[in-house]
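K.L.:
Below you will find the structure I want to go over with you.
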There are 2 protein chains.
Amino acid sequence: MKQILILLSLFLVLTTAHAQLTLSLKDATLGSGSYLRPEMPSQLKWKDNEHYVMVKKNTLVEVDIKTDKQTDLLSLAELNTALTAKEIKETKAFPAFTFIGESQIWFYASDKLVILNLKDKSVSSIDHVKEAGNEDFNIETNTIAYTLKNNLYISSNQGNEQITNDSNPHIINGTSVHRNEFGISKGTFWSPSGNQLAFYHMDETMVGDYPLVDFMAREAELNNVKYPMAGMTSHEVKLGIYNRSSKQLVYMKTGEPKDHYLTNISWSPDEKSIFIAELNCAQNHLKLNQYDASSGNLIETVLEEKDEKYVEPSHPILFSKADPSKFYFQSNRDGFNHVYSCSLNNGQLTQITNGDWEVTELLGFDKDEKQLFFEATKESPIERHVYLINVQSGKTSRLTEKSGTHSGILSPDKKNLIDYWTSTSVPGIVDLIAIKDGHTKTIYEAPNTLKDYQLGENSVFTIKAADNTTDLYCRMIKPSNFDPTKKYPVIVYVYGGPHAQLVNKTWHNDARWWQYYMAEKGYIAFTVDSRGSTNRGKAFENAIHRQLGVVETADQMKGIEYLKSLPFIDTDRIGVHGWSYGGFMTLNLMLKQPETFKVGVAGGPVVDWSMYEVMYGERYMDTPEENPEGYKNSNMLNYADKLQGKLMLIHGVQDQTVVMQHSIQFLKKCIDLNKQVDFFVYPTHEHNVRGNDRLHLMEKITNYFLENL
Amino acid sequence: MKQILILLSLFLVLTTAHAQLTLSLKDATLGSGSYLRPEMPSQLKWKDNEHYVMVKKNTLVEVDIKTDKQTDLLSLAELNTALTAKEIKETKAFPAFTFIGESQIWFYASDKLVILNLKDKSVSSIDHVKEAGNEDFNIETNTIAYTLKNNLYISSNQGNEQITNDSNPHIINGTSVHRNEFGISKGTFWSPSGNQLAFYHMDETMVGDYPLVDFMAREAELNNVKYPMAGMTSHEVKLGIYNRSSKQLVYMKTGEPKDHYLTNISWSPDEKSIFIAELNCAQNHLKLNQYDASSGNLIETVLEEKDEKYVEPSHPILFSKADPSKFYFQSNRDGFNHVYSCSLNNGQLTQITNGDWEVTELLGFDKDEKQLFFEATKESPIERHVYLINVQSGKTSRLTEKSGTHSGILSPDKKNLIDYWTSTSVPGIVDLIAIKDGHTKTIYEAPNTLKDYQLGENSVFTIKAADNTTDLYCRMIKPSNFDPTKKYPVIVYVYGGPHAQLVNKTWHNDARWWQYYMAEKGYIAFTVDSRGSTNRGKAFENAIHRQLGVVETADQMKGIEYLKSLPFIDTDRIGVHGWSYGGFMTLNLMLKQPETFKVGVAGGPVVDWSMYEVMYGERYMDTPEENPEGYKNSNMLNYADKLQGKLMLIHGVQDQTVVMQHSIQFLKKCIDLNKQVDFFVYPTHEHNVRGNDRLHLMEKITNYFLENL
């Protein structure tokens with residue numbers, strides 16, 4: 001017994017000795033994304049049904065899923081030899097590539113698109129100019145679409161073609177539009193055969209110039225950008241289709257009013273028509289319109305969706321491969337995001353998935369589309385699993401076993417699944433799962449880069465929202481030397497707005513490492529995802545409609561109520577920090593709850609929604625004219641007089657998302673009211689302070705809490 | 001003896017009870033310029049040799065200097081009756097006026113220039129448009145010159161005339177030029193008879209646009225200004241003369257190179273020629289050129305002045321009334337600013353005043369110009385007295401007796417002097433001095449508005465500069481409850497650059513009341529006027545040439561050396577604050593002496609002289625191309641890595657004097673170096689934070705010292 005005790009003591013000592021490292025601010029800030037990030041396999045993907053590949057030490061390696069045998073397919077040296085043979089500049093690292101079939105890959109190298117045959121290492125390439133942007137490669141025809149300044153071009157071995165020829169630089173072709181809202185991330189859409197190219201055409205001439213100043217020049221320089229604010233005239237978008245055979249360019253007749261949103265473009269399998277999810281300016285009426293690709297005429301409105309608050313289309317429709325008259329689409333029309341099928345013949349809708357949970361990703365169908373693979377929140381809103389549903393019977397099976405956040409890649413034959421996953425204490429694992437019997441084999445496990453670091457306890461739990469019904473997920477981190485008899489100050493890290501979820505069952509429950517850092521400085525780090533945040537269904541998110549900040553603040557205060565119920569909280573020392581919408585929420589909490597919050601740091605905050613951009617702004621707030629009361633109540637300028645605590649605003653001078661005038665106007669209001677407030681700017685940064693400067697930022701924020709809270 | 005002691009004690013108690021008020025930050029900041037400013041007589045001036053007038057309670061009152069009898073000349077009610085009779089809008093307060101002879105006055109009322117006869121209260125008026133600027137009234141012809149947008153007009157009872165007609169808004173007529181350097185404060189110059197009007201014509205088309213942004217608009221707005229930086233292309237200036245009789249407009253042939261400075265315009269008494277003090281671009285060669293007013297031809301170069309550092313003309317020549325071929329001028333060619341006469345016949349120069357002191361103001365001559373009246377630093381660099389010199393003999397007499405700062409207004413017959421003066425404990429006194437015998441009668445004494453306030457001891461003394469020779473004047477304020485056995489932290493208030501002198505024998509030795517306020521908070525408030533500051537002679541000022549910040553820092557450190565020699569100074573707690581050049585000096589001290597200065601607040605600081613304007617910048621620094629080493633050594637960006645203490649920069653977003661990019665670039669440098677620095681902006685303010693917002697500013701600065709020093 002004594003020996004065991006000695007051994008145990010030794011073990012404890014060893015453990016302590018082992019876990020002696022303390023996370024530095026640099027570790028917490030820069031390390032999490034670089035030198036302390038758990039390494040995961042690079043470019044892991046299926047090559048064929050029996051093999052997956054990955055890039056290991058700059059070599060493309062093939063792995064046999066049955067035997068685990070690894071075979072080198074292409075080293076960086078071989079790749080560079082192949083490139084230089086064709087007088088293409090060498091590359092320093094193995095490039096990001098895509099398979100063409102099983103034996104070819106394509107990638108970009110300097111100003112070329114390169115196709116490399118893995119067997120004979122032969123190379124062919126297509127030129128595109130150096131200043132090109134928005135490259136979109138069509139494998140079928142070996143053609144790249146790209147933009148140069150404001151016009152669209154295509155390039156293939158047959159040469160270059162200029163598709164558009166707009167001289168006004170504010171008429172822009174081939175780029176993403178509508179400020180990347182509505183799931184839009186690109187501006188060109190090849191038809192399945194590659195014979196036609198659909199593209200966005202955006203006219204910004206009617207949008208006022210917004211002056212950004214580069215103060216780093218010898219003499220400050222003006223850079224105007226187009227920034228349409230809520231209620232102001234926005235840009236106008238059309239969809240063009242260029243037919244490579246006929247050389248005809250046709251614009252779809254999307255008609256009046258022109259201030260609609262053209263989203264989620266899809267080609268019909270026969271390429272004769274194109275589908276646009278068209279949203280009215282008020283964003284409450286969606287039409288899925290089918291246009292004749294050759295004439296641009298409207299064929300029909302296939303689907304409609306209305307909502308008294310808003311409709312937010314985010315996924316293009318997906319045509320059935322088994323039945324070209326059928327397509328699949330996603331919608332939260334029943335309150336949660338689910339998959340539906342629709343027949344073009346009779347318009348009949350069939351709901352495939354169903355339940356008070358959300359489909360977060362469509363992974364694909366089996367060959368005859370009897371089985372659908374998807375990721376969803378079915379298990380828990382803070383987990384993701386891969387599921388398989390029998391389309392006919394609705395029987396749903398979970399393919400991923402362990403609690404956590406899973407993300408799948410199906411093998412071409414849909415018989416195997418590569419499962420990337422993390423969980424609270426899992427930095428990253430890659431499993432190979434046989435669909436048939438669920439047999440799971442771990443093929444990679446990331447080392448725990450923080451295993452030697454002293455980290456406080458990180459717990460996730462739920463509380464009730466201000467409606468006393470809805471569960472809200474919370475995360476709390478305590479100092480590693482937590483003593484329940486002591487009183488600890490709190491720093492709330494907040495976001496609270498749409499499209500985000502801060503508490504997730506990923507490594508360390510998705511906490512920013514800065515929260516661990518501050519816990520070691522003696523603070524309780526707390527976060528709650530209020531109503532308004534994502535992946536919890538329509539009603540949960542749109543509870544904030546027309547009154548941003550109200551419901552979220554009420555929910556955050558439920559978090560505070562919970563904290564105050566704990567014996568170890570110093571209720572006089574509660575601080576809050578957030579960025580962007582979280583900056584807006586920081587202001588809400590500091591100004592509407594001045595008795596509760598002693599210190600706040602609001603980064604890139606929205607102050608007045610009438611100064612925010614039209615697409616996002618009007619979705620949640622309608623226009624200032626339609627919702628004056630809502631704009632007034634969500635305008636932080638109207639609460640500045642309530643400021644009691646220490647408040648710092650931080651803004652990127654080049655911020656084009658939440659323009660700096662938000663912070664500047666808030667300062668002016670405080671000055672008018674003779675209220676002290678603090679401020680800092682990052683001269684060259686846009687909406688977020690990235691790169692090494694982030695360490696400076698986080699030190700500034702840290703010091704503010706250390707000095708004042 | 002005992003009784004005396006008791007009486008003394010009572011007296012002390014009474015004194016203490018009396019002096020119980022503590023200066024609030026509002027008193028110190030806003031009160032000093034308004035509700036606590038000692039009231040002085042308004043618009044006190046001579047009416048004739050026997051009477052002076054002033055405005056008392058909105059009534060113009062005449063005082064007989066012999067009998068002191070006061071007579072009301074014009075009440076506001078009478079004035080308004082006279083105005084409304086002519087359908088001119090009433091005025092709320094007695095307007096600023098000028099005498100025309102003894103019985104008429106003129107003033108502006110709404111968009112009119114009004115001439116009022118004090119005897120019969122009759123009124124005549126001249127229209128000029130509401131948006132007019134730069135009004136310049138010629139009494140001889142009852143004509144106003146004024147500008148509207150960028151053009152020059154004149155208006156009289158004969159109607160309006162447009163003098164210039166430049167359509168390009170960056171060609172500007174009739175305004176001050178060269179950014180008000182070289183004593184320039186206006187752009188129009190009437191000839192003695194009023195028949196000709198000389199005016200500045202400035203072409204700014206070759207100067208780049210500098211973008212200022214108004215962030216307070218619904219959507220930020222751009223306001224471009226012309227801001228030529230050192231070494232960059234500057235505007236070009238010409239002098240036009242419009243002859244009202246001939247209607248001819250002629251430009252003086254000032255020739256090439258065009259980047260010279262045309263300063264200090266004077267008409268010859270016969271109006272046939274005009275004199276321009278022309279300074280070359282390098283600012284080291286001044287020519288006083290005489291031009292023919294009707295042809296614009298150069299007649300001759302009357303005077304020249306060269307200096308290997310710089311020449312800074314600041315006063316127009318003054319023609320003798322007794323001998324129209326003679327003029328008087330001021331120059332510091334012998335090392336100090338003195339008065340000279342020059343004959344146009346033979347170019348002969350005669351130095352009138354002489355000595356190692358400076359003439360600061362010319363007050364005038366007696367009728368036959370045998371006696372010259374002037375103000376000077378002859379008694380002490382921190383005092384001003386009125387003197388009389390016999391031009392022939394050089395015999396100089398001081399007319400003002402009491403130690404302090406005197407400023408005189410001579411009666412028309414030069415027999416009496418109104419003497420405005422203040423001193424350390426004198427808020428303001430107006431004396432009437434008989435020139436003949438020096439008989440002095442106090443005609444006004446301002447009440448001491450601070451008599452009930454507890455203020456610390458304020459002492460002025462000298463130390464040696466870093467050259468160990470030159471005397472520097474210092475001011476120190478101690479807390480009112482000063483205890484020599486204690487250790488006190490210090491706040492240095494600094495300026496240090498040209499054209500300024502902070503230590504003066506005026507009320508409270510010219511201390512900013514904020515210094516008293518901080519003394520009551522437990523700090524020693526200290527200021528020293530280093531070399532580079534004004535009124536101490538040429539060598540004293542130009543010691544800083546081509547190396548701004550070097551000599552000044554060395555001198556400031558002599559102040560610190562002195563402070564450290566005192567037993568009651570806490571040498572670990574020394575802070576510094578200054579604005580503009582003082583902001584630059586704050587940076588110099590914080591960065592070059594990081595072991596000494598713990599806390600600094602730099603307001604509107606120059607960071608890099610290559611980003612400062614060309615006129616001032618090149619005078620002291622030459623161009624960046626000519627003086628790369630000097631620019632490098634005076635560039636605070638190159639010292640940011642030395643930062644150790646707590647440093648805050650404050651800038652007006654609309655600053656057109658030291659543009660905000662100075663501060664922004666400094667922040668960027670600190671961010672690059674991962675050095676923490678603090679920042680605040682005043683969104684609507686230019687180079688200084690004026691008005692009520694000044695209280696917010698001073699509270700911010702105060703808090704920074706209270707929290708960090």
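Letters A, B, ... mark the chains of the structure tokens in the order given; residue numbers begin at 1 per chain; ligand numbers begin at 1, in order shown.
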Could I get the residues of chain B with an atom no further than 6 Å from an atom of chain A, each paired with its nearest atom pair and that distance in Å to one decimal, using only C-alpha atoms, sorted by chain and residue number, as JSON lines?
P.N.:
```
{"residue": "B:Phe215", "atom": "CA", "partner": "A:Gln661", "partner_atom": "CA", "distance": 5.1}
{"residue": "B:Met216", "atom": "CA", "partner": "A:Gln665", "partner_atom": "CA", "distance": 6.0}
{"residue": "B:Gln661", "atom": "CA", "partner": "A:Phe215", "partner_atom": "CA", "distance": 5.1}
{"residue": "B:Gln665", "atom": "CA", "partner": "A:Met216", "partner_atom": "CA", "distance": 6.0}
{"residue": "B:Asn674", "atom": "CA", "partner": "A:His696", "partner_atom": "CA", "distance": 5.5}
{"residue": "B:Phe679", "atom": "CA", "partner": "A:Phe680", "partner_atom": "CA", "distance": 5.6}
{"residue": "B:Phe680", "atom": "CA", "partner": "A:Phe679", "partner_atom": "CA", "distance": 5.6}
{"residue": "B:His696", "atom": "CA", "partner": "A:Asn674", "partner_atom": "CA", "distance": 5.5}
```
K.L.:
Report as a ChimeraX atom specification all protein, DNA and RNA residues lying within 9 Å of region 286-288 of chain B, evaluated on only C-alpha atoms, omitting residues in the same chain fewer than 5 positions from it.
P.N.:
/B:275-280,300-307,311-313
K.L.:
Looking only at the backbone, which of the residues in region 255-435 of chain B does DSSP tag as strand (DSSP E or B), as a ChimeraX atom specification?
P.N.:
/B:261-267,273-279,285-292,298-306,318-319,326-331,338-343,349-351,359-365,371-376,384-390,396-398,405-410,416-423,426-434
K.L.:
Suppose you want the space between CA of Gly187 (chain A) and CA of Thr360 (chain A); what is it in Å?
P.N.:
23.4 Å
K.L.:
CA of Tyr52 (chain B) to CA of Ile65 (chain B): how many Å, to one decimal?
P.N.:
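Pair CA of Tyr52 (chain B) / CA of Ile65 (chain B) returns 7.2 Å.
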K.L.:
Need the shell around Gly617 (chain A): protein/DNA/RNA residues with any atom at most 10 Å away, counting only C-alpha atoms. Skip same-chain ones fewer than 6 positions apart. Format as a ChimeraX atom specification?
P.N.:
/A:229-231,546,548,609-611,623-624
K.L.:
Include C-alpha atoms and write out the residues we just selected as an mmCIF file, in the first residue's frame.
P.N.:
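Dumped everything to result.cif:
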```
data_model
loop_
_atom_site.group_PDB
_atom_site.id
_atom_site.type_symbol
_atom_site.label_atom_id
_atom_site.label_comp_id
_atom_site.auth_asym_id
_atom_site.auth_seq_id
_atom_site.Cartn_x
_atom_site.Cartn_y
_atom_site.Cartn_z
ATOM 1 C CA MET A 229 -25.964 51.204 -46.620
ATOM 2 C CA ALA A 230 -29.345 49.967 -45.405
ATOM 3 C CA GLY A 231 -32.093 51.946 -47.084
ATOM 4 C CA ARG A 546 -36.346 44.102 -36.490
ATOM 5 C CA LEU A 548 -31.271 43.538 -33.088
ATOM 6 C CA TRP A 609 -27.520 49.609 -38.263
ATOM 7 C CA SER A 610 -28.437 52.379 -40.694
ATOM 8 C CA MET A 611 -24.704 52.637 -41.383
ATOM 9 C CA THR A 623 -35.086 49.562 -44.011
ATOM 10 C CA PRO A 624 -34.693 52.541 -41.677
#
```
